[in-house]
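Engineer: Provided herewith: model.txt, compact mmCIF, C-alpha atoms.
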# COMPACT_ATOMS: atom_id res chain seq x y z
CA ALA Y 23 -30.72 -47.20 7.41
CA PRO Y 24 -33.89 -49.26 7.50
CA PRO Y 25 -33.61 -53.04 7.60
CA PRO Y 26 -36.44 -55.03 5.89
CA ALA Y 27 -36.19 -58.55 4.49
CA GLY Y 28 -36.79 -61.63 2.29
CA ILE Y 29 -39.29 -64.49 2.41
CA PRO Y 30 -42.31 -64.25 4.77
CA ALA Y 31 -42.62 -67.01 7.32
CA ALA Y 32 -46.14 -65.92 8.28
CA ALA Y 33 -49.31 -66.46 6.29
CA PRO Y 34 -50.55 -63.59 4.10
CA GLY Y 35 -52.73 -61.22 6.08
CA ALA Y 36 -50.97 -61.94 9.36
CA ASP Y 37 -50.40 -58.99 11.66
CA ASP Y 38 -46.66 -59.38 11.30
CA ALA Y 39 -44.24 -61.32 9.16
CA GLN Y 40 -40.71 -62.56 9.78
CA TYR Y 41 -38.02 -62.54 7.11
CA PRO Y 42 -34.83 -64.59 7.15
CA GLY Y 43 -31.93 -63.93 4.79
CA ASP Y 44 -32.39 -64.95 1.17
CA ASP Y 45 -29.92 -67.63 0.01
CA ALA Y 46 -30.59 -67.06 -3.71
CA PRO Y 47 -27.64 -65.61 -5.66
CA PRO Y 48 -28.13 -61.82 -5.80
CA PRO Y 49 -27.67 -59.72 -8.92
CA PRO Y 50 -24.35 -57.84 -9.09
CA THR Y 51 -25.68 -54.27 -8.95
CA VAL Y 52 -28.44 -52.44 -7.10
CA ARG Y 53 -29.77 -48.97 -7.78
CA ALA Y 54 -32.75 -47.35 -6.06
CA THR Y 55 -35.51 -46.01 -8.30
CA ALA Y 56 -38.99 -44.63 -7.70
CA ASP Y 57 -40.41 -48.03 -8.66
CA GLN Y 58 -37.90 -50.00 -6.63
CA PRO Y 59 -36.81 -48.29 -3.41
CA VAL Y 60 -33.81 -50.08 -1.90
CA LEU Y 61 -33.25 -50.60 1.82
CA TYR Y 62 -30.15 -51.77 3.64
CA SER Y 63 -29.49 -53.87 6.73
CA ALA Y 64 -26.33 -55.07 8.42
CA SER Y 65 -25.66 -57.91 10.83
CA LEU Y 66 -22.98 -59.27 13.12
CA ASP Y 67 -22.61 -62.10 10.60
CA GLY Y 68 -20.61 -59.64 8.49
CA THR Y 69 -23.17 -59.24 5.72
CA ILE Y 70 -24.74 -56.04 4.45
CA ARG Y 71 -27.91 -56.72 2.51
CA ALA Y 72 -29.95 -54.66 0.06
CA TRP Y 73 -33.69 -55.36 -0.04
CA ASP Y 74 -36.53 -54.50 -2.35
CA ALA Y 75 -38.80 -52.53 -0.01
CA VAL Y 76 -41.96 -53.34 -1.96
CA HIS Y 77 -41.57 -57.06 -2.62
CA MET Y 78 -39.40 -57.78 0.44
CA SER Y 79 -36.81 -59.75 -1.50
CA CYS Y 80 -33.04 -59.72 -1.10
CA LEU Y 81 -31.33 -57.95 -4.01
CA GLN Y 82 -27.67 -57.98 -3.04
CA VAL Y 83 -25.27 -59.14 -0.35
CA LEU Y 84 -22.01 -57.37 0.50
CA GLU Y 85 -19.55 -59.04 2.85
CA GLU Y 86 -17.35 -57.44 5.49
CA THR Y 87 -14.52 -59.66 6.73
CA ARG Y 88 -12.23 -57.22 8.56
CA SER Y 89 -14.30 -56.14 11.57
CA GLU Y 90 -17.85 -56.29 12.93
CA VAL Y 91 -20.39 -53.89 11.46
CA SER Y 92 -21.94 -51.77 14.22
CA VAL Y 93 -24.05 -49.36 12.13
CA VAL Y 94 -25.15 -48.92 8.51
CA HIS Y 95 -26.30 -45.63 6.99
CA HIS Y 96 -27.60 -44.56 3.60
CA SER Y 97 -28.42 -40.99 2.60
CA PRO Y 98 -30.00 -39.60 -0.59
CA LEU Y 99 -27.26 -36.93 -0.50
CA ILE Y 100 -24.56 -39.44 -1.47
CA ASP Y 101 -24.25 -42.31 -3.93
CA PHE Y 102 -22.49 -44.78 -1.63
CA LEU Y 103 -23.28 -46.74 1.52
CA LEU Y 104 -21.64 -46.06 4.88
CA THR Y 105 -20.87 -48.51 7.66
CA GLY Y 106 -19.31 -48.08 11.10
CA HIS Y 107 -17.24 -50.82 12.73
CA ASP Y 108 -16.14 -52.07 16.13
CA ASP Y 109 -12.49 -51.22 15.43
CA GLY Y 110 -13.33 -47.52 14.94
CA THR Y 111 -13.23 -47.67 11.13
CA ILE Y 112 -15.84 -46.16 8.82
CA ARG Y 113 -16.20 -47.63 5.36
CA ALA Y 114 -17.75 -46.08 2.24
CA TRP Y 115 -19.10 -48.81 -0.06
CA ASN Y 116 -19.54 -48.71 -3.80
CA VAL Y 117 -22.64 -50.91 -4.02
CA ASP Y 118 -22.03 -51.65 -7.71
CA THR Y 119 -18.60 -53.19 -7.23
CA GLY Y 120 -18.43 -53.95 -3.48
CA SER Y 121 -15.21 -51.93 -3.20
CA THR Y 122 -14.65 -49.75 -0.13
CA ILE Y 123 -12.74 -46.74 1.12
CA SER Y 124 -11.80 -46.87 4.81
CA LEU Y 125 -11.92 -43.77 7.01
CA ARG Y 126 -9.87 -43.87 10.20
CA GLY Y 127 -10.00 -41.50 13.14
CA HIS Y 128 -12.05 -43.06 15.92
CA SER Y 129 -10.35 -45.23 18.51
CA ASN Y 130 -13.35 -47.39 19.42
CA THR Y 131 -16.66 -48.70 18.03
CA VAL Y 132 -18.51 -46.32 15.72
CA LEU Y 133 -22.23 -46.42 16.52
CA CYS Y 134 -23.57 -43.22 14.94
CA LEU Y 135 -23.43 -41.88 11.38
CA GLY Y 136 -25.24 -38.97 9.75
CA VAL Y 137 -24.91 -37.06 6.48
CA ALA Y 138 -25.79 -33.38 6.04
CA ALA Y 139 -25.35 -30.60 3.52
CA LYS Y 140 -22.82 -27.93 4.40
CA GLN Y 141 -23.89 -24.32 4.88
CA LYS Y 142 -22.37 -23.04 1.61
CA GLU Y 143 -21.72 -26.09 -0.54
CA GLY Y 144 -20.61 -29.66 -0.13
CA ILE Y 145 -21.58 -32.59 2.08
CA MET Y 146 -20.37 -33.63 5.51
CA LEU Y 147 -20.44 -36.87 7.46
CA LEU Y 148 -20.80 -36.85 11.24
CA SER Y 149 -19.69 -39.87 13.23
CA SER Y 150 -19.54 -40.85 16.89
CA GLY Y 151 -19.44 -43.83 19.20
CA PHE Y 152 -17.75 -45.47 22.15
CA ASP Y 153 -14.73 -43.13 22.21
CA GLY Y 154 -17.07 -40.19 23.03
CA GLN Y 155 -15.74 -38.20 20.09
CA VAL Y 156 -17.55 -36.63 17.14
CA GLY Y 157 -15.82 -36.80 13.78
CA VAL Y 158 -16.61 -34.31 11.02
CA TRP Y 159 -15.70 -35.58 7.54
CA ASP Y 160 -15.77 -33.72 4.24
CA LEU Y 161 -17.54 -35.95 1.69
CA THR Y 162 -17.36 -33.41 -1.13
CA LYS Y 163 -15.50 -34.72 -4.16
CA HIS Y 164 -12.53 -32.44 -4.48
CA ARG Y 165 -10.49 -31.75 -7.56
CA HIS Y 166 -7.40 -33.62 -6.39
CA SER Y 167 -8.97 -36.33 -4.24
CA ALA Y 168 -12.27 -38.16 -3.94
CA VAL Y 169 -11.29 -39.65 -0.57
CA PRO Y 170 -13.33 -38.17 2.33
CA ARG Y 171 -11.22 -35.94 4.58
CA LEU Y 172 -11.40 -35.72 8.38
CA ASP Y 173 -11.93 -32.01 9.11
CA CYS Y 174 -12.04 -32.31 12.89
CA LEU Y 175 -12.40 -34.80 15.72
CA PHE Y 176 -13.45 -33.50 19.12
CA LYS Y 177 -14.48 -34.86 22.50
CA ALA Y 178 -18.25 -34.64 22.89
CA SER Y 179 -18.60 -36.76 26.03
CA GLU Y 180 -16.42 -38.39 28.67
CA GLU Y 181 -18.51 -41.52 28.20
CA GLU Y 182 -19.81 -43.50 25.23
CA VAL Y 183 -22.04 -41.73 22.72
CA LEU Y 184 -24.85 -44.13 21.85
CA VAL Y 185 -27.11 -42.06 19.58
CA MET Y 186 -26.84 -39.05 17.32
CA LEU Y 187 -29.60 -37.21 15.46
CA LEU Y 188 -29.33 -34.49 12.82
CA ASN Y 189 -31.70 -31.51 12.94
CA PRO Y 190 -30.76 -29.68 9.71
CA PHE Y 191 -33.67 -27.21 9.83
CA ALA Y 192 -32.31 -25.85 13.10
CA LYS Y 193 -28.72 -26.26 11.82
CA GLN Y 194 -27.83 -28.49 14.72
CA TYR Y 195 -27.21 -32.08 15.69
CA ILE Y 196 -27.88 -33.91 18.92
CA THR Y 197 -25.81 -36.50 20.77
CA ALA Y 198 -26.60 -38.60 23.84
CA GLY Y 199 -25.35 -41.70 25.58
CA ASN Y 200 -24.08 -43.28 28.75
CA ASP Y 201 -23.70 -39.98 30.63
CA ALA Y 202 -27.54 -39.60 30.57
CA LEU Y 203 -27.12 -36.13 29.02
CA ILE Y 204 -28.50 -34.78 25.73
CA SER Y 205 -26.16 -32.34 24.00
CA LEU Y 206 -27.00 -29.89 21.21
CA TRP Y 207 -24.29 -28.86 18.74
CA SER Y 208 -24.06 -26.31 15.94
CA LEU Y 209 -24.04 -27.95 12.54
CA THR Y 210 -21.92 -25.12 11.13
CA THR Y 211 -19.33 -24.45 13.85
CA HIS Y 212 -19.64 -27.70 15.88
CA GLU Y 213 -19.68 -25.63 19.05
CA PRO Y 214 -21.88 -26.79 21.95
CA GLN Y 215 -25.27 -25.04 22.17
CA ALA Y 216 -26.85 -26.63 25.24
CA THR Y 217 -26.83 -29.66 27.52
CA MET Y 218 -30.21 -30.98 28.62
CA LYS Y 219 -30.52 -32.92 31.86
CA GLY Y 220 -33.42 -35.05 33.00
CA HIS Y 221 -32.63 -38.72 32.44
CA THR Y 222 -30.90 -40.66 35.19
CA ASP Y 223 -29.96 -43.59 32.94
CA PRO Y 224 -28.13 -43.85 29.62
CA VAL Y 225 -30.02 -42.32 26.68
CA THR Y 226 -30.41 -45.00 24.03
CA ALA Y 227 -32.78 -43.54 21.39
CA LEU Y 228 -33.79 -40.17 19.91
CA ALA Y 229 -36.57 -39.00 17.57
CA LEU Y 230 -37.58 -35.56 16.34
CA ASP Y 231 -40.95 -33.99 15.55
CA GLY Y 232 -40.42 -30.36 14.60
CA ASN Y 233 -39.24 -28.58 17.76
CA PHE Y 234 -40.07 -31.55 19.96
CA LEU Y 235 -37.37 -34.08 20.79
CA PHE Y 236 -38.16 -37.54 22.16
CA SER Y 237 -35.54 -39.46 24.11
CA GLY Y 238 -35.65 -43.06 25.25
CA SER Y 239 -33.49 -44.44 28.03
CA ASP Y 240 -32.01 -47.61 29.42
CA SER Y 241 -34.71 -47.57 32.12
CA GLY Y 242 -37.50 -47.89 29.53
CA THR Y 243 -38.81 -44.33 29.91
CA VAL Y 244 -39.46 -41.87 27.08
CA ARG Y 245 -39.22 -38.13 27.70
CA LEU Y 246 -40.23 -35.13 25.61
CA TRP Y 247 -38.16 -31.94 25.24
CA ASP Y 248 -38.90 -28.49 23.82
CA LEU Y 249 -35.89 -27.52 21.71
CA HIS Y 250 -36.86 -23.84 21.84
CA SER Y 251 -36.68 -23.62 25.62
CA ARG Y 252 -34.25 -26.55 25.75
CA ALA Y 253 -36.12 -28.00 28.68
CA PRO Y 254 -38.14 -31.16 29.31
CA LEU Y 255 -41.93 -31.06 29.26
CA SER Y 256 -42.47 -32.31 32.79
CA ALA Y 257 -46.05 -33.37 32.10
CA PHE Y 258 -44.87 -35.92 29.53
CA THR Y 259 -43.02 -39.03 30.66
CA LEU Y 260 -43.94 -42.44 29.28
CA ALA Y 261 -43.10 -45.61 31.16
CA ALA Y 262 -42.87 -47.18 27.73
CA HIS Y 263 -40.99 -50.42 28.27
CA ALA Y 264 -39.85 -52.85 30.94
CA GLY Y 265 -36.30 -52.71 29.56
CA PRO Y 266 -34.11 -50.39 27.48
CA VAL Y 267 -35.66 -48.42 24.64
CA CYS Y 268 -33.75 -49.52 21.54
CA GLY Y 269 -35.60 -47.42 18.98
CA LEU Y 270 -37.88 -44.39 18.57
CA LEU Y 271 -39.45 -42.92 15.45
CA LEU Y 272 -42.33 -40.72 14.30
CA VAL Y 273 -44.77 -41.95 11.65
CA PRO Y 274 -44.90 -39.04 9.17
CA GLU Y 275 -48.46 -39.60 7.97
CA SER Y 276 -50.05 -39.61 11.44
CA GLY Y 277 -47.51 -38.07 13.81
CA TRP Y 278 -47.67 -41.17 16.02
CA LEU Y 279 -44.69 -42.07 18.17
CA VAL Y 280 -43.37 -45.64 17.91
CA SER Y 281 -41.15 -47.06 20.63
CA CYS Y 282 -39.23 -50.32 20.51
CA GLY Y 283 -38.16 -52.25 23.59
CA GLY Y 284 -35.42 -54.83 23.23
CA THR Y 285 -35.56 -57.18 26.16
CA ASP Y 286 -39.32 -56.81 26.75
CA HIS Y 287 -39.93 -57.98 23.14
CA SER Y 288 -42.47 -55.22 22.44
CA ILE Y 289 -43.18 -52.35 20.04
CA HIS Y 290 -45.79 -49.74 20.96
CA VAL Y 291 -47.60 -47.08 18.94
CA TRP Y 292 -48.51 -43.92 20.88
CA ASP Y 293 -50.67 -40.86 20.37
CA TYR Y 294 -48.19 -38.68 22.22
CA GLY Y 295 -50.60 -35.74 22.37
CA THR Y 296 -52.81 -37.71 24.75
CA GLY Y 297 -50.27 -40.25 25.99
CA ARG Y 298 -52.62 -43.02 24.82
CA LYS Y 299 -51.18 -46.32 23.61
CA LEU Y 300 -52.87 -47.12 20.31
CA HIS Y 301 -51.42 -50.53 19.59
CA SER Y 302 -48.77 -53.01 20.74
CA TRP Y 303 -46.91 -55.88 19.15
CA THR Y 304 -44.96 -58.54 21.00
CA HIS Y 305 -42.56 -61.09 19.56
CA ALA Y 306 -40.66 -64.10 20.81
CA GLU Y 307 -37.34 -62.64 19.68
CA THR Y 308 -35.38 -59.75 21.18
CA PHE Y 309 -35.63 -56.56 19.17
CA ARG Y 310 -32.43 -54.68 18.36
CA CYS Y 311 -33.36 -51.82 15.99
CA LEU Y 312 -36.36 -50.18 14.37
CA ALA Y 313 -37.13 -48.47 11.05
CA TYR Y 314 -40.15 -47.22 9.10
CA LEU Y 315 -40.71 -47.98 5.41
CA ARG Y 316 -42.79 -45.10 4.12
CA THR Y 317 -43.32 -46.75 0.73
CA THR Y 318 -45.31 -49.62 2.24
CA ARG Y 319 -46.26 -48.01 5.59
CA THR Y 320 -44.52 -50.81 7.42
CA LEU Y 321 -42.39 -50.94 10.54
CA VAL Y 322 -39.35 -53.20 10.41
CA ALA Y 323 -37.40 -54.40 13.43
CA GLY Y 324 -34.16 -56.37 13.50
CA THR Y 325 -33.71 -59.03 16.17
CA ASP Y 326 -30.85 -60.63 18.07
CA GLU Y 327 -31.87 -63.92 16.48
CA HIS Y 328 -30.78 -62.71 13.01
CA ASN Y 329 -34.25 -62.00 11.65
CA LEU Y 330 -36.16 -58.96 10.43
CA VAL Y 331 -39.79 -58.58 11.50
CA SER Y 332 -42.25 -56.40 9.58
CA LEU Y 333 -45.33 -54.88 11.23
CA ARG Y 334 -48.08 -53.15 9.31
CA ILE Y 335 -48.66 -49.67 10.68
CA ARG Y 336 -51.39 -49.13 8.09
CA ASP Y 337 -53.51 -51.74 9.90
CA VAL Y 338 -53.19 -49.67 13.09
CA ALA Y 339 -54.34 -46.60 11.16
CA ASP Y 340 -57.36 -48.50 9.87
CA ALA Y 341 -58.20 -49.78 13.37
CA VAL Y 342 -57.84 -46.29 14.89
CA ARG Y 343 -60.06 -44.82 12.18
CA ARG Y 344 -62.72 -47.49 12.79
CA SER Y 345 -62.52 -46.87 16.53
CA GLN Y 346 -62.96 -43.13 16.00
CA GLU Y 347 -65.91 -43.71 13.70
CA GLU Y 348 -67.51 -46.05 16.26
CA ALA Y 349 -66.92 -43.50 19.03
CA GLU Y 350 -68.43 -40.72 16.92
CA GLU Y 351 -71.42 -42.93 16.09
CA ALA Y 352 -71.82 -43.73 19.80
CA VAL Y 353 -71.87 -39.99 20.55
CA ARG Y 354 -74.46 -39.41 17.83
CA GLU Y 355 -76.55 -42.31 19.14
CA ALA Y 356 -76.36 -40.91 22.68
CA GLU Y 357 -77.45 -37.49 21.38
CA ARG Y 358 -80.38 -39.08 19.50
CA ALA Y 359 -81.36 -41.00 22.63
CA ALA Y 360 -81.15 -37.82 24.71
CA ARG Y 361 -83.32 -35.91 22.23
CA LYS Y 362 -85.86 -38.75 22.19
CA ALA Y 363 -85.94 -38.89 25.99
CA ALA Y 364 -86.39 -35.11 26.12
CA ALA Y 365 -89.25 -35.32 23.62
CA VAL Y 366 -90.94 -38.09 25.64
CA ALA Y 367 -90.50 -36.05 28.84
CA ALA Y 368 -91.93 -32.97 27.16
CA THR Y 369 -94.94 -34.95 25.89
CA ALA Y 370 -95.54 -36.36 29.36
CA ALA Y 371 -95.28 -32.88 30.87
CA ASP Y 372 -97.78 -31.54 28.33
CA ALA Y 373 -100.15 -34.38 29.18
CA GLU Y 374 -99.92 -33.58 32.89
CA VAL Y 375 -100.62 -29.93 32.19
CA GLY Y 376 -103.65 -30.95 30.13
CA LYS Y 377 -104.97 -33.15 32.91
CA GLY Y 378 -104.59 -30.32 35.42
CA ALA Y 379 -106.46 -27.89 33.20
CA GLY Y 380 -109.29 -30.40 32.70
CA ALA Y 381 -109.62 -30.95 36.45
CA ARG Y 382 -109.91 -27.21 37.10
CA ALA Y 383 -112.58 -26.85 34.42
CA VAL Y 384 -114.73 -29.56 36.05
If you convert what's in this file into structure tokens, what do you get?
Structural biologist:
Amino acid sequence: APPPAGIPAAAPGADDAQYPGDDAPPPPTVRATADQPVLYSASLDGTIRAWDAVHMSCLQVLEETRSEVSVVHHSPLIDFLLTGHDDGTIRAWNVDTGSTISLRGHSNTVLCLGVAAKQKEGIMLLSSGFDGQVGVWDLTKHRHSAVPRLDCLFKASEEEVLVMLLNPFAKQYITAGNDALISLWSLTTHEPQATMKGHTDPVTALALDGNFLFSGSDSGTVRLWDLHSRAPLSAFTLAAHAGPVCGLLLVPESGWLVSCGGTDHSIHVWDYGTGRKLHSWTHAETFRCLAYLRTTRTLVAGTDEHNLVSLRIRDVADAVRRSQEEAEEAVREAERAARKAAAVAATAADAEVGKGAGARAV
């Protein structure tokens, strides 16, 4: 779930803005609408905050006092908020009342949550984390019980699972983590489909663009995989960051790849077709997570220093467009100069021919 924020600490028009928590009393209920999209963030301070994505103001604060929140997830398929915790618990939050239902099955920190529609009918929740297991939960409201049911819990890795990504169009999901492997699973049977090898360090981030899968690692590299052949594209490896990659995403409007480095304090925008870096941001604080707000065309990163930093991807698009226009104009100018030079050379050649003819006539 994306994490934006409250009151800008940077002047209007700055390339980025930093948002601390809002101390004003929040209203009791929050509902997303087309005019007011709502975004959620969670922190180790035990708060889960709802934010107005357009005006960047805090709308609501929920408090978790039982265990640390390790992940927060919101899906348009369900009407409640999900959080994972360091004690292995998953909680479903009613954002109107702040009440929760606790789901127990994992034995260690839950880092990954995803919601998908079932093949026939109903909704499922997938969960994973430090115990290396994947949990499959039935979120469909049944006649006799509205409490989500654990359908199965299976071992997906002998080591910690750090990231999970749903690929519903291919009816699969993808897990990766400390074993440096990327595993593909059937979304209907939960059977393994393939294991892709190529990284030598823990895989810390995943992003999907059609049949192309991007993976970021603890070493700072980003690799590209073809999910049809289930093999890496050897020609594509980005030395993206000087430390672990803590986030990857694709900008829908442009297809650009965005990578976030934690300890190197940087976020980069890439044209992955050419491998060219289009733009970079650096910040004094250590980045922890990354999201894209499509409503405002803004990147938002959470930091270890308890802040949320927004970065305007639309400014990059404007700069790239201007650069392309300047390059195209430079090409046109070079072509005009070449035509002019050719015309001058042709005139000079005609003059020489004329001189030669005159000399022969004399």
Engineer: Which value, in Å to one decimal, gives the distance between CA of Tyr195 in chain Y and CA of Trp159 in chain Y?
Structural biologist: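 Value for the CA of Tyr195 in chain Y-CA of Trp159 in chain Y distance: 14.5 Å.
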Engineer: Rounded to one decimal in Å, what is the spacing between CA of Cys174 in chain Y and CA of Thr211 in chain Y?
Structural biologist: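 Between these atoms lies a distance of 10.8 Å.
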Engineer: Which of these, Y:Thr162, Y:Thr87, Y:Ser150, Y:Thr222, has the shortest distance to Thr197 in chain Y once you count all atoms listed in the file?
Structural biologist: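 Closest residue, counting all atoms listed in the file: Y:Ser150.
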Engineer: Taking the point (-25.0, -28.8, 16.2) as given in the file, collect each protein or nucleic acid residue that comes within 12 Å of it, counting only C-alpha atoms, and present the set as a VMD selection string.
Structural biologist: chain Y and resid 138 148 156 158 178 186 to 197 204 to 217
Engineer: Just checking: using only C-alpha atoms, which residue out of Y:Glu181, Y:Asp118, Y:Glu350, Y:Asp223 ends up closest to Ser237 in chain Y?
Structural biologist: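 For Ser237 in chain Y, the nearest of the given residues is Y:Asp223.
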Engineer: Step by step: start from the point (-23.0, -44.7, 21.6) in the file's coordinates, keep every protein, DNA or RNA residue that has an atom no farther than 12 Å from it, count all atoms listed in the file, and write the set as JSON, numbers by chain.
Structural biologist: {"Y": [92, 93, 106, 108, 130, 131, 132, 133, 134, 135, 149, 150, 151, 152, 153, 154, 155, 156, 178, 179, 180, 181, 182, 183, 184, 185, 186, 187, 197, 198, 199, 200, 201, 202, 224, 225, 226, 227, 228, 268]}
Engineer: Quick check, in Å to one decimal: how far apart do CA of Gly265 in chain Y and CA of Gly238 in chain Y lie?
Structural biologist: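 About the pair CA of Gly265 in chain Y and CA of Gly238 in chain Y: they are 10.6 Å apart.
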Engineer: May I ask which of the residues Y:Ile335, Y:Met78, Y:Leu147, Y:Val60 is the closest one to Leu99 in chain Y, counting all atoms listed in the file?
Structural biologist: Y:Leu147
Engineer: So that I can see what lies close to range 244-250 of chain Y, please list as a PDB file with C-alpha atoms, in the frame of the given file the residues with an atom at most 8 Å from it, counting only C-alpha atoms and leaving out residues fewer than 3 positions away in the same chain.
Structural biologist:
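Saved as out06.pdb:
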ATOM      1  CA  ASN Y 233     -39.240 -28.580  17.760  1.00  0.00           C
ATOM      2  CA  PHE Y 234     -40.070 -31.550  19.960  1.00  0.00           C
ATOM      3  CA  LEU Y 235     -37.370 -34.080  20.790  1.00  0.00           C
ATOM      4  CA  PHE Y 236     -38.160 -37.540  22.160  1.00  0.00           C
ATOM      5  CA  SER Y 237     -35.540 -39.460  24.110  1.00  0.00           C
ATOM      6  CA  GLY Y 238     -35.650 -43.060  25.250  1.00  0.00           C
ATOM      7  CA  SER Y 239     -33.490 -44.440  28.030  1.00  0.00           C
ATOM      8  CA  ALA Y 253     -36.120 -28.000  28.680  1.00  0.00           C
ATOM      9  CA  PRO Y 254     -38.140 -31.160  29.310  1.00  0.00           C
ATOM     10  CA  LEU Y 255     -41.930 -31.060  29.260  1.00  0.00           C
ATOM     11  CA  PHE Y 258     -44.870 -35.920  29.530  1.00  0.00           C
ATOM     12  CA  THR Y 259     -43.020 -39.030  30.660  1.00  0.00           C
ATOM     13  CA  LEU Y 260     -43.940 -42.440  29.280  1.00  0.00           C
ATOM     14  CA  ALA Y 261     -43.100 -45.610  31.160  1.00  0.00           C
ATOM     15  CA  ALA Y 262     -42.870 -47.180  27.730  1.00  0.00           C
ATOM     16  CA  VAL Y 267     -35.660 -48.420  24.640  1.00  0.00           C
TER      17      VAL Y 267
END
Engineer: Since the input lacks atoms, please generate N, CA, C and O atoms for range 103-116 of chain Y and provide them as an mmCIF file, in the frame of the given file.
Structural biologist:
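Below is the file that was written, result.cif:
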data_model
loop_
_atom_site.group_PDB
_atom_site.id
_atom_site.type_symbol
_atom_site.label_atom_id
_atom_site.label_comp_id
_atom_site.auth_asym_id
_atom_site.auth_seq_id
_atom_site.Cartn_x
_atom_site.Cartn_y
_atom_site.Cartn_z
ATOM 1 N N LEU Y 103 -22.780 -46.249 0.236
ATOM 2 C CA LEU Y 103 -23.280 -46.740 1.520
ATOM 3 C C LEU Y 103 -22.196 -46.567 2.576
ATOM 4 O O LEU Y 103 -21.012 -46.740 2.287
ATOM 5 N N LEU Y 104 -22.595 -46.245 3.795
ATOM 6 C CA LEU Y 104 -21.640 -46.060 4.880
ATOM 7 C C LEU Y 104 -21.865 -47.092 5.973
ATOM 8 O O LEU Y 104 -23.012 -47.398 6.322
ATOM 9 N N THR Y 105 -20.784 -47.619 6.511
ATOM 10 C CA THR Y 105 -20.870 -48.510 7.660
ATOM 11 C C THR Y 105 -19.850 -48.084 8.711
ATOM 12 O O THR Y 105 -18.769 -47.598 8.396
ATOM 13 N N GLY Y 106 -20.220 -48.269 9.985
ATOM 14 C CA GLY Y 106 -19.310 -48.080 11.100
ATOM 15 C C GLY Y 106 -18.945 -49.426 11.683
ATOM 16 O O GLY Y 106 -19.742 -50.377 11.621
ATOM 17 N N HIS Y 107 -17.757 -49.513 12.308
ATOM 18 C CA HIS Y 107 -17.240 -50.820 12.730
ATOM 19 C C HIS Y 107 -16.697 -50.784 14.151
ATOM 20 O O HIS Y 107 -16.410 -49.714 14.705
ATOM 21 N N ASP Y 108 -16.549 -51.981 14.729
ATOM 22 C CA ASP Y 108 -16.140 -52.070 16.130
ATOM 23 C C ASP Y 108 -14.672 -51.708 16.341
ATOM 24 O O ASP Y 108 -14.250 -51.468 17.471
ATOM 25 N N ASP Y 109 -13.885 -51.632 15.277
ATOM 26 C CA ASP Y 109 -12.490 -51.220 15.430
ATOM 27 C C ASP Y 109 -12.292 -49.721 15.212
ATOM 28 O O ASP Y 109 -11.151 -49.242 15.137
ATOM 29 N N GLY Y 110 -13.402 -48.969 15.105
ATOM 30 C CA GLY Y 110 -13.330 -47.520 14.940
ATOM 31 C C GLY Y 110 -13.279 -47.067 13.491
ATOM 32 O O GLY Y 110 -13.246 -45.861 13.214
ATOM 33 N N THR Y 111 -13.291 -48.010 12.558
ATOM 34 C CA THR Y 111 -13.230 -47.670 11.130
ATOM 35 C C THR Y 111 -14.615 -47.329 10.596
ATOM 36 O O THR Y 111 -15.626 -47.859 11.055
ATOM 37 N N ILE Y 112 -14.645 -46.431 9.620
ATOM 38 C CA ILE Y 112 -15.840 -46.160 8.820
ATOM 39 C C ILE Y 112 -15.516 -46.563 7.395
ATOM 40 O O ILE Y 112 -14.431 -46.266 6.892
ATOM 41 N N ARG Y 113 -16.442 -47.263 6.747
ATOM 42 C CA ARG Y 113 -16.200 -47.630 5.360
ATOM 43 C C ARG Y 113 -17.286 -47.045 4.449
ATOM 44 O O ARG Y 113 -18.478 -47.042 4.794
ATOM 45 N N ALA Y 114 -16.849 -46.536 3.296
ATOM 46 C CA ALA Y 114 -17.750 -46.080 2.240
ATOM 47 C C ALA Y 114 -17.758 -47.149 1.155
ATOM 48 O O ALA Y 114 -16.701 -47.497 0.613
ATOM 49 N N TRP Y 115 -18.957 -47.665 0.856
ATOM 50 C CA TRP Y 115 -19.100 -48.810 -0.060
ATOM 51 C C TRP Y 115 -19.635 -48.344 -1.413
ATOM 52 O O TRP Y 115 -20.637 -47.639 -1.484
ATOM 53 N N ASN Y 116 -18.979 -48.795 -2.464
ATOM 54 C CA ASN Y 116 -19.540 -48.710 -3.800
ATOM 55 C C ASN Y 116 -20.425 -49.940 -3.975
ATOM 56 O O ASN Y 116 -19.915 -51.065 -4.053
#
